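Student: For reference, this is data.pdb, and it has PDB, C-alpha atoms.
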```
MODEL        1
ATOM      1  CA  MET A   1      29.379  32.804 -11.763
ATOM      2  CA  PHE A   2      25.758  31.826 -11.238
ATOM      3  CA  GLY A   3      24.911  30.803  -7.692
ATOM      4  CA  MET A   4      21.804  28.891  -6.694
ATOM      5  CA  CYS A   5      21.269  31.051  -3.618
ATOM      6  CA  THR A   6      20.707  34.189  -5.703
ATOM      7  CA  ALA A   7      17.469  32.959  -7.279
ATOM      8  CA  ASP A   8      14.172  34.617  -6.551
ATOM      9  CA  THR A   9      11.953  31.772  -5.398
ATOM     10  CA  ARG A  10       8.961  33.861  -4.384
ATOM     11  CA  PRO A  11       5.924  31.731  -5.162
ATOM     12  CA  ALA A  12       3.867  34.167  -7.199
ATOM     13  CA  GLU A  13       4.820  37.328  -8.988
ATOM     14  CA  GLY A  14       3.523  40.367  -7.143
ATOM     15  CA  ALA A  15       2.238  38.383  -4.166
ATOM     16  CA  THR A  16       2.858  40.092  -0.856
ATOM     17  CA  SER A  17       1.667  37.245   1.357
ATOM     18  CA  PHE A  18       1.373  33.489   1.370
ATOM     19  CA  MET A  19      -2.399  33.738   0.969
ATOM     20  CA  GLU A  20      -2.036  35.969  -2.113
ATOM     21  CA  ALA A  21       0.476  33.520  -3.565
ATOM     22  CA  MET A  22      -1.942  30.658  -2.894
ATOM     23  CA  ALA A  23      -4.814  32.492  -4.575
ATOM     24  CA  ALA A  24      -2.675  33.169  -7.653
ATOM     25  CA  ALA A  25      -1.546  29.544  -7.740
ATOM     26  CA  GLU A  26      -5.092  28.220  -7.422
ATOM     27  CA  GLN A  27      -6.253  30.473 -10.238
ATOM     28  CA  THR A  28      -3.446  29.219 -12.498
ATOM     29  CA  ILE A  29      -3.933  25.543 -11.598
ATOM     30  CA  GLY A  30      -7.733  25.533 -11.862
ATOM     31  CA  LYS A  31     -10.053  23.894  -9.357
ATOM     32  CA  GLU A  32     -10.478  20.835 -11.588
ATOM     33  CA  ASN A  33      -6.750  20.100 -11.213
ATOM     34  CA  MET A  34      -6.713  20.212  -7.400
ATOM     35  CA  LEU A  35      -7.621  16.623  -6.592
ATOM     36  CA  GLU A  36      -8.913  15.128  -3.376
ATOM     37  CA  PRO A  37      -6.793  12.109  -2.358
ATOM     38  CA  LYS A  38      -9.231   9.521  -3.748
ATOM     39  CA  ALA A  39      -9.291  11.246  -7.155
ATOM     40  CA  ALA A  40      -5.508  11.785  -7.020
ATOM     41  CA  LYS A  41      -4.953   8.059  -6.401
ATOM     42  CA  ALA A  42      -7.204   7.233  -9.372
ATOM     43  CA  PHE A  43      -5.305   9.754 -11.545
ATOM     44  CA  LEU A  44      -2.000   8.223 -10.443
ATOM     45  CA  GLU A  45      -3.205   4.711 -11.261
ATOM     46  CA  ALA A  46      -4.688   5.725 -14.629
ATOM     47  CA  ASN A  47      -1.422   7.387 -15.687
ATOM     48  CA  LYS A  48       1.128   5.085 -14.029
ATOM     49  CA  ALA A  49       3.102   4.547 -17.247
ATOM     50  CA  LYS A  50       3.965   8.248 -17.665
ATOM     51  CA  ILE A  51       3.233  10.096 -14.418
ATOM     52  CA  LEU A  52       5.713  11.888 -12.194
ATOM     53  CA  PHE A  53       4.504  11.898  -8.583
ATOM     54  CA  LEU A  54       6.454  14.846  -7.185
ATOM     55  CA  ASP A  55       6.875  15.750  -3.506
ATOM     56  CA  VAL A  56       8.107  19.320  -2.997
ATOM     57  CA  GLN A  57       8.726  19.149   0.749
ATOM     58  CA  ASP A  58      12.168  19.801   2.163
ATOM     59  CA  PRO A  59      14.502  16.793   2.294
ATOM     60  CA  GLY A  60      13.901  14.551   5.292
ATOM     61  CA  SER A  61      10.165  15.245   5.473
ATOM     62  CA  GLU A  62       7.793  12.320   5.707
ATOM     63  CA  SER A  63       6.482  11.558   2.255
ATOM     64  CA  VAL A  64       4.252   9.210   0.316
ATOM     65  CA  PRO A  65       6.191   6.145  -0.884
ATOM     66  CA  GLY A  66       7.001   6.290  -4.584
ATOM     67  CA  THR A  67       7.255  10.056  -4.884
ATOM     68  CA  HIS A  68      10.169  11.852  -6.500
ATOM     69  CA  SER A  69      11.578  14.542  -4.227
ATOM     70  CA  ALA A  70      12.469  18.084  -5.299
ATOM     71  CA  SER A  71      12.000  20.750  -2.643
ATOM     72  CA  LEU A  72      10.028  23.850  -3.565
ATOM     73  CA  GLY A  73      13.132  25.972  -2.998
ATOM     74  CA  THR A  74      15.108  24.091  -5.648
ATOM     75  CA  LEU A  75      12.279  23.486  -8.110
ATOM     76  CA  PRO A  76      12.909  26.651 -10.196
ATOM     77  CA  PHE A  77      16.306  25.199 -11.126
ATOM     78  CA  LYS A  78      15.377  21.531 -11.242
ATOM     79  CA  ALA A  79      12.428  22.089 -13.595
ATOM     80  CA  ASP A  80      14.335  24.309 -16.044
ATOM     81  CA  ALA A  81      15.767  22.308 -18.972
ATOM     82  CA  ALA A  82      18.152  25.194 -19.776
ATOM     83  CA  MET A  83      19.877  24.841 -16.382
ATOM     84  CA  ALA A  84      22.199  22.011 -17.401
ATOM     85  CA  ASP A  85      24.218  22.071 -14.179
ATOM     86  CA  PHE A  86      21.224  22.224 -11.850
ATOM     87  CA  LYS A  87      18.235  20.635 -13.605
ATOM     88  CA  ASP A  88      16.662  17.364 -12.582
ATOM     89  CA  PRO A  89      16.199  15.460 -15.866
ATOM     90  CA  LYS A  90      13.278  13.534 -14.395
ATOM     91  CA  ILE A  91      11.421  16.863 -14.200
ATOM     92  CA  ALA A  92      13.001  19.250 -16.705
ATOM     93  CA  ASP A  93      13.409  16.837 -19.608
ATOM     94  CA  ARG A  94      10.020  15.127 -19.458
ATOM     95  CA  PRO A  95       7.507  15.807 -22.238
ATOM     96  CA  LYS A  96       5.432  18.874 -21.358
ATOM     97  CA  GLU A  97       2.190  16.926 -21.909
ATOM     98  CA  ASP A  98       3.033  14.069 -19.527
ATOM     99  CA  PRO A  99       1.149  14.139 -16.220
ATOM    100  CA  ILE A 100       2.666  15.455 -13.005
ATOM    101  CA  LEU A 101       0.946  15.004  -9.649
ATOM    102  CA  VAL A 102       2.383  17.320  -6.996
ATOM    103  CA  THR A 103       2.142  16.860  -3.241
ATOM    104  CA  CYS A 104       3.646  18.222  -0.031
ATOM    105  CA  ALA A 105       2.663  17.958   3.642
ATOM    106  CA  LEU A 106      -0.649  19.858   3.577
ATOM    107  CA  GLY A 107      -1.077  21.020  -0.037
ATOM    108  CA  GLY A 108       0.092  24.646  -0.012
ATOM    109  CA  GLN A 109       3.618  24.114  -1.280
ATOM    110  CA  ALA A 110       2.260  21.720  -3.896
ATOM    111  CA  LYS A 111       0.055  24.482  -5.306
ATOM    112  CA  LEU A 112       2.970  26.905  -5.472
ATOM    113  CA  ALA A 113       5.066  24.240  -7.211
ATOM    114  CA  ALA A 114       2.255  23.375  -9.630
ATOM    115  CA  LYS A 115       1.958  27.035 -10.613
ATOM    116  CA  LEU A 116       5.680  27.186 -11.300
ATOM    117  CA  LEU A 117       5.512  24.026 -13.428
ATOM    118  CA  ILE A 118       2.564  25.413 -15.403
ATOM    119  CA  ASP A 119       4.426  28.695 -15.861
ATOM    120  CA  TYR A 120       7.330  26.612 -17.247
ATOM    121  CA  GLY A 121       5.022  25.130 -19.861
ATOM    122  CA  PHE A 122       3.964  21.820 -18.310
ATOM    123  CA  LYS A 123       0.398  21.153 -19.428
ATOM    124  CA  ASN A 124      -0.951  18.316 -17.253
ATOM    125  CA  VAL A 125      -0.200  19.326 -13.661
ATOM    126  CA  LYS A 126      -2.428  18.391 -10.741
ATOM    127  CA  THR A 127      -2.094  18.677  -6.961
ATOM    128  CA  VAL A 128      -3.165  16.550  -4.019
ATOM    129  CA  GLU A 129      -5.582  18.513  -1.834
ATOM    130  CA  GLY A 130      -4.432  18.188   1.763
ATOM    131  CA  GLY A 131      -1.055  16.789   0.717
ATOM    132  CA  CYS A 132       0.601  13.751   2.247
ATOM    133  CA  ILE A 133      -1.396  14.111   5.460
ATOM    134  CA  ALA A 134      -4.716  13.697   3.630
ATOM    135  CA  TRP A 135      -3.227  11.016   1.337
ATOM    136  CA  LYS A 136      -2.363   8.840   4.332
ATOM    137  CA  ALA A 137      -5.617   9.449   6.236
TER     138      ALA A 137
ENDMDL
END
```
Spit out the file's structure as structure tokens when you get a sec.

Tutor:
Amino acid sequence: MFGMCTADTRPAEGATSFMEAMAAAEQTIGKENMLEPKAAKAFLEANKAKILFLDVQDPGSESVPGTHSASLGTLPFKADAAMADFKDPKIADRPKEDPILVTCALGGQAKLAAKLLIDYGFKNVKTVEGGCIAWKA
């Protein structure tokens, strides 16, 4: 039987450190898709009819109001439409072209999550530079 704890949730294939994983994620995401909070807020407002504002922090972390929570550790399952027993329909079943804005506390986990979403075929993924901390500043 498939168990959730057996998944490989390493953030980037071949990365041997967090910094290598971040570099790979940033390359995949593209600088133009890593938004400063002011630009992220404008993107959120401009796409409010279709956007998913996703926080990938662990449960119980302080977040921005209105975000949908899916921790980075569970995102590989929750974003996979083929994982019927584990997917989060709000993520996995959304049209691949619809915008997703990803945040976390400081921005690092958001970049790793954005890379995973892009690898899964999502085409309009952006991150909040500096995460929730910068958002609230």

Student: Go through A:Ile118, A:Thr103, A:Ala137, A:Gly131 and flag the residue nearest Thr28 (chain A), using all atoms listed in the file for the distances.

Tutor: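 Among the listed residues, the smallest separation from Thr28 (chain A) belongs to A:Ile118.
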
Student: Report, in Å to a single decimal, how far apart CA of Gly14 (chain A) and CA of Leu54 (chain A) are.

Tutor: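 If I compute the distance from CA of Leu54 (chain A) to CA of Gly14 (chain A), I get 25.7 Å.
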
Student: Under the rule that all atoms listed in the file are counted, which of A:Glu129, A:Asp98, A:Asp58, A:Asp80 is the nearest residue to Lys111 (chain A)?

Tutor: A:Glu129

Student: Evaluated on this file, the PyMOL selection byres ((chain A and resi 29-35) around 9) picks out some residues - which ones are they, written as a list of chain:residue names?

Tutor: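 Listing what the PyMOL selection byres ((chain A and resi 29-35) around 9) selects in the shown file: A:Ala24, A:Ala25, A:Glu26, A:Gln27, A:Thr28, A:Glu36, A:Pro37, A:Lys38, A:Ala39, A:Ala40, A:Lys41, A:Phe43, A:Lys111, A:Ala114, A:Lys115, A:Ile118, A:Asn124, A:Val125, A:Lys126, A:Thr127, A:Val128, A:Glu129.
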
Student: Store the residues picked out above, limited to C-alpha atoms, as a PDB file, keeping the file's coordinate frame.

Tutor:
```pdb
ATOM      1  CA  ALA A  24      -2.675  33.169  -7.653  1.00  0.00           C
ATOM      2  CA  ALA A  25      -1.546  29.544  -7.740  1.00  0.00           C
ATOM      3  CA  GLU A  26      -5.092  28.220  -7.422  1.00  0.00           C
ATOM      4  CA  GLN A  27      -6.253  30.473 -10.238  1.00  0.00           C
ATOM      5  CA  THR A  28      -3.446  29.219 -12.498  1.00  0.00           C
ATOM      6  CA  GLU A  36      -8.913  15.128  -3.376  1.00  0.00           C
ATOM      7  CA  PRO A  37      -6.793  12.109  -2.358  1.00  0.00           C
ATOM      8  CA  LYS A  38      -9.231   9.521  -3.748  1.00  0.00           C
ATOM      9  CA  ALA A  39      -9.291  11.246  -7.155  1.00  0.00           C
ATOM     10  CA  ALA A  40      -5.508  11.785  -7.020  1.00  0.00           C
ATOM     11  CA  LYS A  41      -4.953   8.059  -6.401  1.00  0.00           C
ATOM     12  CA  PHE A  43      -5.305   9.754 -11.545  1.00  0.00           C
ATOM     13  CA  LYS A 111       0.055  24.482  -5.306  1.00  0.00           C
ATOM     14  CA  ALA A 114       2.255  23.375  -9.630  1.00  0.00           C
ATOM     15  CA  LYS A 115       1.958  27.035 -10.613  1.00  0.00           C
ATOM     16  CA  ILE A 118       2.564  25.413 -15.403  1.00  0.00           C
ATOM     17  CA  ASN A 124      -0.951  18.316 -17.253  1.00  0.00           C
ATOM     18  CA  VAL A 125      -0.200  19.326 -13.661  1.00  0.00           C
ATOM     19  CA  LYS A 126      -2.428  18.391 -10.741  1.00  0.00           C
ATOM     20  CA  THR A 127      -2.094  18.677  -6.961  1.00  0.00           C
ATOM     21  CA  VAL A 128      -3.165  16.550  -4.019  1.00  0.00           C
ATOM     22  CA  GLU A 129      -5.582  18.513  -1.834  1.00  0.00           C
TER      23      GLU A 129
END
```

Student: Which residues fall under the PyMOL selection byres ((chain A and resi 50) around 10) in this file, as a PyMOL selection string?

Tutor: chain A and resi 44+46-49+51-53+94-95+97-100

Student: If you keep C-alpha atoms, can you produce a file of those selected residues as a PDB file, in the frame of the given file?

Tutor:
```
ATOM      1  CA  LEU A  44      -2.000   8.223 -10.443  1.00  0.00           C
ATOM      2  CA  ALA A  46      -4.688   5.725 -14.629  1.00  0.00           C
ATOM      3  CA  ASN A  47      -1.422   7.387 -15.687  1.00  0.00           C
ATOM      4  CA  LYS A  48       1.128   5.085 -14.029  1.00  0.00           C
ATOM      5  CA  ALA A  49       3.102   4.547 -17.247  1.00  0.00           C
ATOM      6  CA  ILE A  51       3.233  10.096 -14.418  1.00  0.00           C
ATOM      7  CA  LEU A  52       5.713  11.888 -12.194  1.00  0.00           C
ATOM      8  CA  PHE A  53       4.504  11.898  -8.583  1.00  0.00           C
ATOM      9  CA  ARG A  94      10.020  15.127 -19.458  1.00  0.00           C
ATOM     10  CA  PRO A  95       7.507  15.807 -22.238  1.00  0.00           C
ATOM     11  CA  GLU A  97       2.190  16.926 -21.909  1.00  0.00           C
ATOM     12  CA  ASP A  98       3.033  14.069 -19.527  1.00  0.00           C
ATOM     13  CA  PRO A  99       1.149  14.139 -16.220  1.00  0.00           C
ATOM     14  CA  ILE A 100       2.666  15.455 -13.005  1.00  0.00           C
TER      15      ILE A 100
END
```

Student: In terms of the shortest atom-to-atom distance over all atoms listed in the file, which of A:Val64, A:Leu116, A:Ala79, A:Met19 is closest to Lys136 (chain A)?

Tutor: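 Looking only at the distances to Lys136 (chain A), the closest residue turns out to be A:Val64.
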
Student: Could you list the residues chosen by the PyMOL selection byres ((chain A and resi 132) around 6) in this structure as a count of residues only?

Tutor: 6

Student: For each of A:Tyr120, A:Ser63, A:Glu45, A:Gly73, take the minimum atom-to-atom distance to Ile91 (chain A), counting only C-alpha atoms, then give the residue where this is smallest.

Tutor: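 Among A:Tyr120, A:Ser63, A:Glu45, A:Gly73, it is A:Tyr120 that comes nearest to Ile91 (chain A).
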
Student: Could you name the residues that touch Ala92 (chain A) at 8 Å or less, counting only C-alpha atoms, but leaving out those on the same chain fewer than 3 positions away, as a VMD selection string?

Tutor: chain A and resid 78 to 81 87 to 89

Student: Rounded to one decimal, what separation in Å do you get between CA of Leu72 (chain A) and CA of Ala15 (chain A)?

Tutor: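 Distance between the two atoms: 16.5 Å.
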
Student: What gap, in Å, lies between CA of Met83 (chain A) and CA of Leu117 (chain A)?

Tutor: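 CA of Leu117 (chain A) lies at a distance of 14.7 Å from CA of Met83 (chain A).
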
Student: I need the residue nearest Leu106 (chain A) from this list: A:His68, A:Gly121, A:Gly130, A:Glu20. Use all atoms listed in the file for the distance.

Tutor: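 Smallest separation from Leu106 (chain A) among the options: A:Gly130.
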
Student: Counting only C-alpha atoms, which of A:Phe122, A:Ala82, A:Thr74, A:Leu101 gets nearest to Ala42 (chain A)?

Tutor: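 Nearest to Ala42 (chain A): A:Leu101.
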